[in-house]
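Below is the file final_12.csv, which contains CSV, C-alpha atoms.
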```csv
chain,number,residue,atom,x,y,z
J,251,MET,CA,117.4,57.7,121.7
J,252,GLY,CA,115.2,58.7,124.6
J,253,GLU,CA,112.1,61.0,124.8
J,254,THR,CA,111.7,64.3,123.0
J,255,LEU,CA,112.2,67.6,124.8
J,256,LEU,CA,110.8,70.7,123.2
J,257,VAL,CA,112.5,74.0,123.9
J,258,ALA,CA,111.0,77.3,122.7
J,259,THR,CA,113.0,80.4,121.9
J,260,ASP,CA,112.3,83.8,120.3
J,261,GLY,CA,116.0,84.3,119.5
J,262,SER,CA,116.5,86.7,122.4
J,263,SER,CA,118.7,86.4,125.5
J,264,SER,CA,115.6,85.7,127.6
J,265,ALA,CA,115.5,82.1,126.2
J,266,MET,CA,119.2,81.3,126.9
J,267,GLY,CA,118.4,79.8,130.3
J,268,ALA,CA,115.8,77.5,128.8
J,269,LEU,CA,118.3,76.4,126.1
J,270,ARG,CA,121.1,75.8,128.5
J,271,LEU,CA,118.9,73.7,130.8
J,272,ALA,CA,117.5,71.8,127.8
J,273,ALA,CA,121.1,71.0,126.8
J,274,SER,CA,121.9,69.8,130.3
J,275,LEU,CA,118.9,67.5,130.5
J,276,ALA,CA,119.5,66.2,127.0
J,277,ARG,CA,123.1,65.2,127.8
J,278,ARG,CA,122.1,63.7,131.1
J,279,ASP,CA,119.0,61.7,130.0
J,280,ARG,CA,119.9,61.2,126.3
J,281,LYS,CA,116.8,63.1,125.2
J,282,ARG,CA,116.2,64.2,121.7
J,283,VAL,CA,115.8,68.0,121.5
J,284,GLU,CA,113.4,69.9,119.3
J,285,VAL,CA,113.8,73.6,119.1
J,286,VAL,CA,110.9,75.8,118.0
J,287,ALA,CA,110.7,79.5,117.2
J,288,VAL,CA,107.8,81.4,115.8
J,289,VAL,CA,107.6,84.3,113.4
J,290,GLU,CA,104.6,86.3,114.6
J,291,PRO,CA,102.2,87.8,112.0
J,292,VAL,CA,102.9,91.4,111.0
J,293,PRO,CA,100.2,93.5,112.8
J,294,PHE,CA,98.2,95.9,110.7
J,295,PHE,CA,95.2,98.2,111.3
J,296,ASP,CA,92.4,98.4,108.9
J,297,ALA,CA,91.3,102.0,108.8
J,298,GLY,CA,88.8,101.6,106.1
J,299,PHE,CA,91.2,102.1,103.1
J,300,MET,CA,93.5,99.9,101.1
J,301,VAL,CA,96.4,98.6,103.2
J,302,ALA,CA,99.7,97.4,101.7
J,303,LEU,CA,100.0,93.8,102.8
J,304,PRO,CA,103.4,92.2,103.7
J,305,GLU,CA,105.1,90.5,100.8
J,306,MET,CA,106.5,87.0,100.8
J,307,GLU,CA,110.0,88.5,100.8
J,308,VAL,CA,109.3,90.2,104.1
J,309,TYR,CA,108.2,87.0,105.8
J,310,GLU,CA,111.1,85.1,104.4
J,311,ALA,CA,113.6,87.7,105.5
J,312,ARG,CA,112.2,87.6,109.1
J,313,ARG,CA,112.2,83.8,109.0
J,314,GLN,CA,115.9,83.6,107.9
J,315,ALA,CA,116.9,86.2,110.5
J,316,LEU,CA,115.2,84.3,113.3
J,317,LEU,CA,116.7,81.0,112.0
J,318,ARG,CA,120.2,82.5,112.2
J,319,GLU,CA,119.6,83.8,115.7
J,320,VAL,CA,118.4,80.4,116.9
J,321,GLN,CA,121.2,78.5,115.2
J,322,ALA,CA,123.7,80.8,117.0
J,323,GLN,CA,121.9,80.1,120.3
J,324,VAL,CA,121.9,76.4,119.8
J,325,GLU,CA,125.7,76.5,119.0
J,326,ALA,CA,126.4,78.6,122.0
J,327,VAL,CA,124.8,76.0,124.4
J,328,GLY,CA,126.5,73.1,122.7
J,329,GLY,CA,123.5,71.7,121.1
J,330,GLY,CA,124.2,68.4,119.4
J,331,GLY,CA,123.7,67.4,115.8
J,332,ASN,CA,120.5,65.7,116.7
J,333,TRP,CA,118.8,69.0,117.6
J,334,ASN,CA,116.2,69.9,115.1
J,335,ILE,CA,115.3,73.5,114.6
J,336,HIS,CA,111.7,74.3,113.4
J,337,ILE,CA,110.7,77.8,112.4
J,338,ASP,CA,106.9,78.3,112.5
J,339,GLN,CA,104.5,81.2,111.9
J,340,GLY,CA,101.6,82.3,113.9
J,341,LEU,CA,100.7,83.0,117.5
J,342,PRO,CA,103.7,81.8,119.6
J,343,ALA,CA,102.0,79.9,122.4
J,344,ALA,CA,99.6,78.1,120.1
J,345,ARG,CA,102.3,77.1,117.7
J,346,ILE,CA,104.7,76.0,120.5
J,347,VAL,CA,102.0,73.7,122.0
J,348,GLN,CA,101.0,72.4,118.6
J,349,ARG,CA,104.7,71.5,117.8
J,350,SER,CA,104.9,69.7,121.1
J,351,GLN,CA,102.0,67.5,120.0
J,352,ASP,CA,103.4,67.0,116.5
J,353,VAL,CA,106.8,65.7,117.8
J,354,GLY,CA,105.4,63.8,120.9
J,355,ALA,CA,107.3,65.9,123.4
J,356,THR,CA,107.1,64.9,127.0
J,357,LEU,CA,108.4,68.3,128.3
J,358,ILE,CA,108.3,71.9,127.1
J,359,VAL,CA,111.1,74.2,128.3
J,360,VAL,CA,110.5,77.9,127.8
J,361,GLY,CA,112.2,81.1,128.9
J,362,ARG,CA,110.4,83.4,131.3
J,363,GLY,CA,110.7,86.4,129.0
J,364,ARG,CA,109.0,89.7,129.8
J,365,ARG,CA,106.6,89.8,132.8
J,366,GLY,CA,105.9,93.5,133.3
J,367,PRO,CA,102.4,95.0,133.9
J,368,LEU,CA,102.0,96.0,130.3
J,369,ASP,CA,102.8,92.5,129.1
J,370,ARG,CA,100.0,91.2,131.4
J,371,ILE,CA,97.5,93.6,130.0
J,372,LEU,CA,98.4,92.8,126.4
J,373,GLY,CA,98.7,89.1,127.0
J,374,THR,CA,102.3,88.8,125.8
J,375,GLU,CA,103.5,86.5,128.5
J,376,THR,CA,104.2,83.6,126.2
J,377,ALA,CA,105.2,81.2,129.1
J,378,LEU,CA,101.9,81.7,130.8
J,379,GLN,CA,100.0,81.3,127.6
J,380,VAL,CA,101.7,78.0,126.9
J,381,ILE,CA,100.9,76.8,130.5
J,382,ARG,CA,97.2,77.6,130.0
J,383,ILE,CA,96.8,75.5,126.9
J,384,SER,CA,99.4,72.8,127.1
J,385,HIS,CA,98.7,69.2,128.1
J,386,VAL,CA,102.4,68.7,128.4
J,387,PRO,CA,104.4,69.7,131.6
J,388,VAL,CA,106.0,73.1,131.1
J,389,LEU,CA,109.3,74.2,132.7
J,390,VAL,CA,109.7,78.0,132.9
J,391,VAL,CA,113.4,79.0,133.2
J,392,PRO,CA,114.8,82.5,133.9
J,393,GLU,CA,117.5,83.9,131.6
J,394,GLU,CA,120.3,83.2,134.0
J,395,GLY,CA,119.3,79.5,134.6
J,396,GLY,CA,120.9,76.5,133.0
J,397,GLU,CA,121.9,73.7,135.4
J,398,PRO,CA,119.3,71.1,136.5
J,399,PRO,CA,117.9,71.9,139.9
J,400,ARG,CA,118.6,69.6,142.9
J,401,SER,CA,115.8,70.6,145.3
J,402,ALA,CA,112.2,71.6,144.9
J,403,ALA,CA,109.1,72.7,146.7
J,404,VAL,CA,106.0,71.0,145.5
J,405,GLY,CA,102.6,72.6,146.2
J,406,VAL,CA,100.1,70.0,147.4
J,407,ASP,CA,96.4,70.5,148.0
J,408,PHE,CA,95.3,66.8,148.1
J,409,SER,CA,93.4,67.1,144.9
J,410,GLY,CA,95.5,64.4,143.2
J,411,PHE,CA,97.7,66.9,141.3
J,412,GLY,CA,100.5,67.1,143.9
J,413,PRO,CA,101.8,63.5,143.8
J,414,ARG,CA,101.9,63.4,140.0
J,415,ALA,CA,103.6,66.8,139.9
J,416,ALA,CA,106.2,65.6,142.5
J,417,ARG,CA,106.9,62.4,140.6
J,418,MET,CA,107.4,64.3,137.3
J,419,ALA,CA,109.6,66.9,139.0
J,420,LEU,CA,112.0,64.0,139.8
J,421,GLY,CA,112.6,63.7,136.1
J,422,VAL,CA,114.0,67.2,136.1
J,423,LEU,CA,115.9,67.2,139.4
J,424,GLN,CA,119.6,66.2,139.6
J,425,PRO,CA,120.0,63.2,141.9
J,426,PRO,CA,120.2,62.9,144.8
J,427,ALA,CA,116.9,64.9,144.7
J,428,GLU,CA,115.3,66.7,147.6
J,429,LEU,CA,111.5,67.3,147.6
J,430,VAL,CA,109.5,69.3,150.1
J,431,LEU,CA,105.7,68.8,149.9
J,432,VAL,CA,104.2,72.1,150.9
J,433,HIS,CA,100.5,72.5,151.8
J,434,VAL,CA,99.2,76.0,152.6
J,435,LEU,CA,96.3,76.4,154.9
J,436,SER,CA,94.2,79.2,153.5
J,437,GLY,CA,90.9,80.8,154.4
J,438,LEU,CA,90.7,79.5,158.0
J,439,GLU,CA,90.8,83.0,159.4
J,440,PHE,CA,87.2,83.5,158.1
J,441,LEU,CA,85.8,80.5,159.9
J,442,PRO,CA,84.3,80.9,163.4
J,443,GLY,CA,86.4,79.8,166.3
J,444,PRO,CA,89.6,79.0,164.3
J,445,THR,CA,91.7,78.7,167.4
J,446,GLY,CA,89.6,76.0,169.1
J,447,ALA,CA,89.8,72.3,169.2
J,448,TRP,CA,88.4,72.1,165.7
J,449,ARG,CA,91.4,73.8,164.2
J,450,LYS,CA,93.9,71.6,166.1
J,451,ASP,CA,92.1,68.5,164.8
J,452,TYR,CA,92.0,69.8,161.3
J,453,GLU,CA,95.7,70.7,161.2
J,454,ALA,CA,96.7,67.3,162.7
J,455,GLU,CA,94.7,65.5,160.0
J,456,VAL,CA,96.3,67.6,157.2
J,457,ARG,CA,99.7,67.1,158.6
J,458,ARG,CA,99.2,63.3,158.9
J,459,ARG,CA,98.1,63.0,155.3
J,460,LEU,CA,101.0,65.2,154.1
J,461,GLU,CA,103.5,63.1,156.0
J,462,GLU,CA,102.0,59.9,154.6
J,463,MET,CA,102.3,61.2,151.1
J,464,ALA,CA,105.9,62.2,151.7
J,465,ALA,CA,106.7,58.7,153.1
J,466,GLU,CA,105.2,57.0,150.1
J,467,LEU,CA,107.0,59.2,147.6
J,468,GLY,CA,110.3,58.8,149.4
J,469,GLY,CA,109.9,55.0,149.6
J,470,THR,CA,109.1,54.5,146.0
J,471,THR,CA,111.4,57.1,144.3
J,472,GLY,CA,114.5,57.0,146.6
J,473,ALA,CA,114.4,60.8,146.9
J,474,THR,CA,114.6,62.7,150.2
J,475,VAL,CA,111.0,63.8,150.7
J,476,ARG,CA,109.7,65.8,153.7
J,477,ALA,CA,106.5,67.7,154.5
J,478,GLN,CA,105.8,71.3,155.4
J,479,LEU,CA,102.6,72.9,156.5
J,480,LEU,CA,102.2,76.7,156.0
J,481,GLU,CA,99.4,79.2,156.4
J,482,GLY,CA,98.3,82.2,154.3
J,483,GLU,CA,98.0,83.0,150.6
J,484,PRO,CA,99.4,79.9,148.8
J,485,ALA,CA,101.7,81.5,146.2
J,486,LYS,CA,103.1,84.1,148.5
J,487,GLU,CA,103.8,81.6,151.3
J,488,ILE,CA,105.4,79.0,148.9
J,489,LEU,CA,107.7,81.7,147.4
J,490,LYS,CA,108.7,82.9,150.9
J,491,PHE,CA,109.4,79.3,152.0
J,492,VAL,CA,111.5,78.5,148.8
J,493,GLU,CA,113.6,81.6,149.4
J,494,LYS,CA,114.1,80.9,153.0
J,495,GLN,CA,115.1,77.3,152.4
J,496,GLY,CA,117.2,78.0,149.4
J,497,LEU,CA,115.4,75.5,147.2
J,498,ASP,CA,116.1,75.5,143.5
J,499,LEU,CA,112.7,74.8,141.9
J,500,VAL,CA,109.0,75.5,142.5
J,501,VAL,CA,106.6,72.8,141.3
J,502,CYS,CA,102.8,73.0,141.0
J,503,GLY,CA,99.9,71.4,139.3
J,504,SER,CA,97.7,73.1,136.8
J,505,HIS,CA,94.1,72.4,137.7
J,506,GLY,CA,92.7,73.0,134.2
J,507,LEU,CA,90.5,75.9,135.0
J,508,SER,CA,88.9,77.6,132.0
J,509,PHE,CA,90.8,80.3,130.3
J,510,VAL,CA,88.2,82.9,131.4
J,511,ALA,CA,88.4,81.8,135.0
J,512,ARG,CA,92.1,82.0,135.0
J,513,VAL,CA,92.0,85.5,133.6
J,514,LEU,CA,89.5,86.8,136.1
J,515,LEU,CA,90.7,84.9,139.2
J,516,GLY,CA,94.3,84.2,138.4
J,517,SER,CA,95.8,80.9,139.7
J,518,VAL,CA,98.5,79.8,142.0
J,519,SER,CA,100.7,78.7,139.0
J,520,THR,CA,100.3,82.1,137.4
J,521,ARG,CA,101.4,83.8,140.6
J,522,LEU,CA,104.3,81.4,141.1
J,523,VAL,CA,105.6,82.0,137.5
J,524,ARG,CA,105.4,85.7,137.9
J,525,GLY,CA,106.8,85.9,141.4
J,526,SER,CA,109.6,83.3,141.5
J,527,PRO,CA,113.1,84.4,140.7
J,528,GLY,CA,114.0,80.8,139.8
J,529,PRO,CA,112.5,78.1,137.5
J,530,VAL,CA,108.9,76.9,137.9
J,531,PHE,CA,107.6,73.5,136.8
J,532,VAL,CA,103.9,73.3,136.0
J,533,VAL,CA,102.3,69.9,135.5
J,534,PRO,CA,98.9,69.7,133.9
J,535,PRO,CA,96.3,67.0,134.8
J,536,LEU,CA,96.3,63.8,132.8
J,537,GLU,CA,92.6,64.2,132.1
J,538,PRO,CA,90.2,67.2,132.2
J,539,VAL,CA,88.8,67.9,135.7
J,540,ASP,CA,85.2,67.2,136.3
J,541,GLU,CA,84.1,70.8,135.4
J,542,LEU,CA,85.7,70.4,132.0
J,543,ARG,CA,84.5,66.9,131.1
J,544,PRO,CA,82.0,66.5,128.3
J,545,ALA,CA,78.4,66.2,129.7
J,546,ARG,CA,77.2,62.7,129.9
J,547,GLU,CA,74.1,61.7,128.0
J,548,GLY,CA,71.0,63.3,129.5
J,549,GLU,CA,73.1,66.0,131.3
J,550,ALA,CA,72.5,69.6,130.5
J,551,GLY,CA,75.4,72.0,129.9
J,552,LYS,CA,78.0,73.1,127.4
J,553,GLY,CA,80.5,70.4,127.9
J,554,ASP,CA,79.8,68.1,124.9
J,555,SER,CA,82.1,69.4,122.2
J,556,GLU,CA,80.7,67.0,119.6
J,557,GLU,CA,76.9,67.5,120.1
J,558,HIS,CA,76.8,71.0,121.6
J,559,PRO,CA,74.3,73.0,119.5
J,560,TRP,CA,76.7,76.0,119.2
J,561,VAL,CA,79.5,73.7,117.8
J,562,VAL,CA,77.0,72.5,115.2
J,563,LEU,CA,75.8,76.0,114.4
J,564,VAL,CA,79.4,77.3,114.0
J,565,ALA,CA,80.3,74.4,111.8
J,566,GLU,CA,77.3,75.1,109.5
J,567,PHE,CA,78.4,78.8,109.3
J,568,ALA,CA,82.0,77.8,108.5
J,569,ARG,CA,81.0,75.4,105.7
J,570,ALA,CA,79.0,78.2,104.0
J,571,VAL,CA,81.4,81.1,104.5
J,572,VAL,CA,85.0,79.9,104.6
J,573,GLY,CA,86.9,81.6,101.8
J,574,LYS,CA,84.5,84.6,101.6
J,575,ARG,CA,85.5,88.1,102.7
J,576,THR,CA,84.2,89.0,106.1
J,577,SER,CA,84.2,91.7,108.7
J,578,LEU,CA,84.5,91.3,112.5
J,579,GLU,CA,82.7,94.0,114.5
J,580,VAL,CA,83.3,94.0,118.3
J,581,GLN,CA,81.0,96.2,120.4
J,582,ASP,CA,82.4,96.9,123.9
J,583,PRO,CA,80.5,98.9,126.5
J,584,ASP,CA,83.6,101.0,127.3
J,585,LEU,CA,85.5,101.1,124.0
J,586,GLY,CA,82.6,101.3,121.7
J,587,VAL,CA,82.5,99.7,118.2
J,588,GLN,CA,85.8,98.3,116.7
J,589,VAL,CA,86.0,96.8,113.2
J,590,CYS,CA,88.8,94.2,112.8
J,591,GLY,CA,90.1,92.6,109.6
J,592,ARG,CA,87.6,94.2,107.3
J,593,GLY,CA,87.5,92.4,103.9
J,594,LEU,CA,89.8,89.5,104.9
J,595,PRO,CA,88.6,86.0,103.9
J,596,LEU,CA,87.5,83.7,106.6
J,597,GLN,CA,90.0,80.8,107.1
J,598,GLY,CA,88.2,79.1,110.0
J,599,VAL,CA,86.0,79.6,113.0
J,600,ARG,CA,85.5,77.2,116.0
J,601,PHE,CA,83.6,77.3,119.2
J,602,ASP,CA,85.2,75.7,122.3
J,603,PRO,CA,82.4,74.8,124.7
J,604,GLN,CA,84.8,73.8,127.4
J,605,GLN,CA,86.4,77.3,127.5
J,606,GLU,CA,83.2,79.1,126.3
J,607,ARG,CA,85.4,80.8,123.6
J,608,LEU,CA,84.9,81.4,119.9
J,609,GLU,CA,88.2,81.3,117.8
J,610,ILE,CA,88.1,83.2,114.5
J,611,HIS,CA,90.9,83.1,111.9
J,612,LEU,CA,90.9,85.6,109.0
J,613,GLY,CA,93.5,86.0,106.3
J,614,GLU,CA,94.8,85.8,102.8
J,615,GLU,CA,96.2,82.6,101.3
J,616,GLY,CA,99.9,81.8,102.0
J,617,VAL,CA,102.3,82.9,104.6
J,618,SER,CA,103.0,86.3,103.1
J,619,GLY,CA,99.4,87.7,103.4
J,620,ALA,CA,97.8,89.5,106.2
J,621,HIS,CA,96.3,87.4,109.0
J,622,LEU,CA,94.2,88.0,112.0
J,623,SER,CA,93.4,85.6,114.8
J,624,HIS,CA,90.8,86.6,117.4
J,625,ALA,CA,89.5,84.7,120.4
J,626,LEU,CA,86.3,85.9,122.0
J,627,ALA,CA,86.0,84.7,125.6
J,628,GLY,CA,83.0,84.5,127.7
J,629,VAL,CA,80.5,83.6,125.0
J,630,GLU,CA,76.9,83.6,126.3
J,631,ALA,CA,74.9,83.5,123.1
J,632,LEU,CA,75.4,82.5,119.5
J,633,ASP,CA,72.9,83.3,116.7
J,634,LEU,CA,73.2,82.4,113.0
J,635,LEU,CA,72.2,85.3,110.7
J,636,ARG,CA,70.8,84.2,107.4
J,637,GLY,CA,70.2,85.9,104.1
J,638,PRO,CA,66.9,86.0,102.1
J,639,GLU,CA,67.4,82.5,100.7
J,640,GLY,CA,68.3,81.1,104.1
J,641,THR,CA,72.1,81.1,103.4
J,642,PRO,CA,74.3,81.7,106.5
J,643,MET,CA,75.6,85.3,106.3
J,644,GLY,CA,76.8,86.1,109.8
J,645,LEU,CA,77.2,85.2,113.4
J,646,ARG,CA,76.0,87.3,116.3
J,647,ILE,CA,78.1,86.5,119.4
J,648,GLY,CA,76.7,87.6,122.8
J,649,LEU,CA,79.5,88.2,125.3
J,650,ARG,CA,79.7,88.8,129.0
J,651,ARG,CA,80.7,92.3,128.0
J,652,GLY,CA,79.0,93.5,124.8
J,653,GLN,CA,78.7,91.5,121.6
J,654,ALA,CA,80.4,90.8,118.3
J,655,ILE,CA,79.2,90.3,114.8
J,656,LEU,CA,81.1,88.3,112.1
J,657,SER,CA,79.5,88.9,108.8
J,658,VAL,CA,80.0,88.4,105.1
J,659,VAL,CA,81.1,91.5,103.2
J,660,SER,CA,79.7,92.1,99.7
J,661,ASP,CA,82.3,92.3,97.0
```

Structure encoded using structure tokens:
Amino acid sequence: MGETLLVATDGSSSAMGALRLAASLARRDRKRVEVVAVVEPVPFFDAGFMVALPEMEVYEARRQALLREVQAQVEAVGGGGNWNIHIDQGLPAARIVQRSQDVGATLIVVGRGRRGPLDRILGTETALQVIRISHVPVLVVPEEGGEPPRSAAVGVDFSGFGPRAARMALGVLQPPAELVLVHVLSGLEFLPGPTGAWRKDYEAEVRRRLEEMAAELGGTTGATVRAQLLEGEPAKEILKFVEKQGLDLVVCGSHGLSFVARVLLGSVSTRLVRGSPGPVFVVPPLEPVDELRPAREGEAGKGDSEEHPWVVLVAEFARAVVGKRTSLEVQDPDLGVQVCGRGLPLQGVRFDPQQERLEIHLGEEGVSGAHLSHALAGVEALDLLRGPEGTPMGLRIGLRRGQAILSVVSD
């Protein structure tokens, strides 16, 4: 049996394109298929009084209902007997990526799902969340998709991501494959004298390098590969080119920017996923980019996840507080003070120095209890609050906007 392909579904029709394409790739390449679906935690709001928590029967009923929906979907696309269905619980994107690691998947296929303005604000675009945290290539497929694409436009910026993305895209394309390496000149309009000899020399050098890359890929893969130089806003120009040329797939590399940077600045891959009517294939880097590598010995910075003082501080707090009832108070300059998960036991807390984010998990034991997962991005300060005996009693988290306090609640 070949490699493992992970396809994610929520049981809705929006995942059918992903399931059909997974079935096609599995038959063609003799891949093993793992299907994952996630039962999301039941939301609740703590208003300061006793809240009736979901019972085990509620979770089990939801799990069984989702399982039946997924089984029907797998049967509808002709999924073979070697397809394994795994029903998980938690936040969908995180559980999907974790499952891909558990089964050693080499590709994640996910439906595009909802992509309206409200979904962007609430962060419910599961496909984009998966792309942001996955180290495995992600193929985002619209509902009407299903057949392996035959042609693709690959965004290239000479950072090293383009050639790898192009080679991996060939594993998805139906032979004989056609690849167009697209480089978009952007920002030249702000340079002095852009129409002079300097610009002509620059464009000639870019075109030469692009054509050399196309020749090398074509010679080593057997695919038809050509080069295309465009100018303007990268995502917009790539999408226009794909539509005009009638290409089946958009391919890009994920540069591994921090979560906060992607939220504030967006990324080409995000715009492509949101703007493309067809499938989009996003290939992450093999290793973290320089900005995300752990700091070398003697270097300052927040990169060393093992020795970073905030990692040590948070670990000390977790050892002392896990299992105790806590309260998370978030103070926002615009929204004021919000209290989340009052009285829920602390299950875990972790600081990620690479993404400058504190992840907090609160909840009762077992799958039937109430749970709350909260990620605080843009952490700029962390202080350990101690009791009279020096025992850790809380964390004060300084954020780019406001602050938060995670503290032990007296019984």

Would you work out the distance separating atom CA of J:Ala654 from atom CA of J:Ser384, expressed in Å to one decimal?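 Computing it gives 27.6 Å between the two atoms.
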
Between atom CA of J:Ser657 and atom CA of J:Glu579, what is the spacing in Å?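 Separating atom CA of J:Glu579 from atom CA of J:Ser657 is a distance of 8.3 Å.
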
Hey, which of J:Val580, J:Val283, J:Val629, J:Val532 ends up closest to J:Val386? Count only C-alpha atoms.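 Comparing J:Val580, J:Val283, J:Val629, J:Val532 against J:Val386, the winner is J:Val532.
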
Of J:Gln605, J:Ser264, J:Thr641, J:Thr254, the one sitting nearest J:Thr376 when using all atoms listed in the file is J:Ser264

Computed gap from atom CA of J:Ile383 to atom CA of J:Glu253 is 21.2 Å

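For the set J:Met418, J:Val360, J:Ala464, J:Val523, the residue with the smallest atom-to-atom gap to J:Leu389 is J:Val360, counting all atoms listed in the file.
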
Quick one: residues within 8 Å of J:Leu269, all atoms listed in the file counted, chain neighbours fewer than 6 positions away excluded, as a list in words?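 With the cut-off at 8 Å, the set is Val257, Thr259, Gln323, Val324, Val327, Val359 and Gly396 of chain J.
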
Please provide the set of residues having any atom within 8 Å of J:Ile346, restricted to only C-alpha atoms, with same-chain residues fewer than 6 positions apart removed, written as a PyMOL selection string. chain J and resi 258+286-288+380

Would you pick out the contacts of stretch 328-339 of chain J at 8 Å or less, using all atoms listed in the file, so that residues sharing its chain but fewer than 5 positions from it are not included, and give the list as a short mmCIF file (atom, residue, chain, number, x, y, z; two decimals) with C-alpha atoms, in the frame of the given file?
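To be explicit, this is the file written out as around_32.cif:
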```cif
data_model
loop_
_atom_site.label_atom_id
_atom_site.label_comp_id
_atom_site.auth_asym_id
_atom_site.auth_seq_id
_atom_site.Cartn_x
_atom_site.Cartn_y
_atom_site.Cartn_z
CA ALA J 273 121.10 71.00 126.80
CA ARG J 282 116.20 64.20 121.70
CA VAL J 283 115.80 68.00 121.50
CA GLU J 284 113.40 69.90 119.30
CA VAL J 285 113.80 73.60 119.10
CA VAL J 286 110.90 75.80 118.00
CA ALA J 287 110.70 79.50 117.20
CA VAL J 288 107.80 81.40 115.80
CA VAL J 289 107.60 84.30 113.40
CA GLU J 290 104.60 86.30 114.60
CA PRO J 291 102.20 87.80 112.00
CA ARG J 313 112.20 83.80 109.00
CA LEU J 316 115.20 84.30 113.30
CA LEU J 317 116.70 81.00 112.00
CA VAL J 320 118.40 80.40 116.90
CA GLN J 321 121.20 78.50 115.20
CA ARG J 345 102.30 77.10 117.70
CA VAL J 617 102.30 82.90 104.60
#
```

Measuring atom to atom with all atoms listed in the file, identify which of J:Val347, J:Val422, J:Val572, J:Leu596 is nearest to J:Ile381.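 For J:Ile381, the nearest of the given residues is J:Val347.
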
Of J:Glu310, J:Leu467, J:Gln351, J:Gly363, the one nearest to J:Ser262 when counting all atoms listed in the file is J:Gly363

Do a neighbour search on J:Glu481 at 6 Å with all atoms listed in the file, toss out local chain neighbours closer than 6 positions, and write the hits as number ranges by chain. J: 434-436

Residues near J:Val500, anyone? I mean within 7 Å using all atoms listed in the file, not counting same-chain ones fewer than 2 positions away, as a PyMOL selection string. chain J and resi 402-404+502+529-531

Just checking: using all atoms listed in the file, which residue out of J:Gln597, J:Ser350, J:Gln581, J:Ser660 ends up closest to J:Leu256?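 Closest candidate: J:Ser350.
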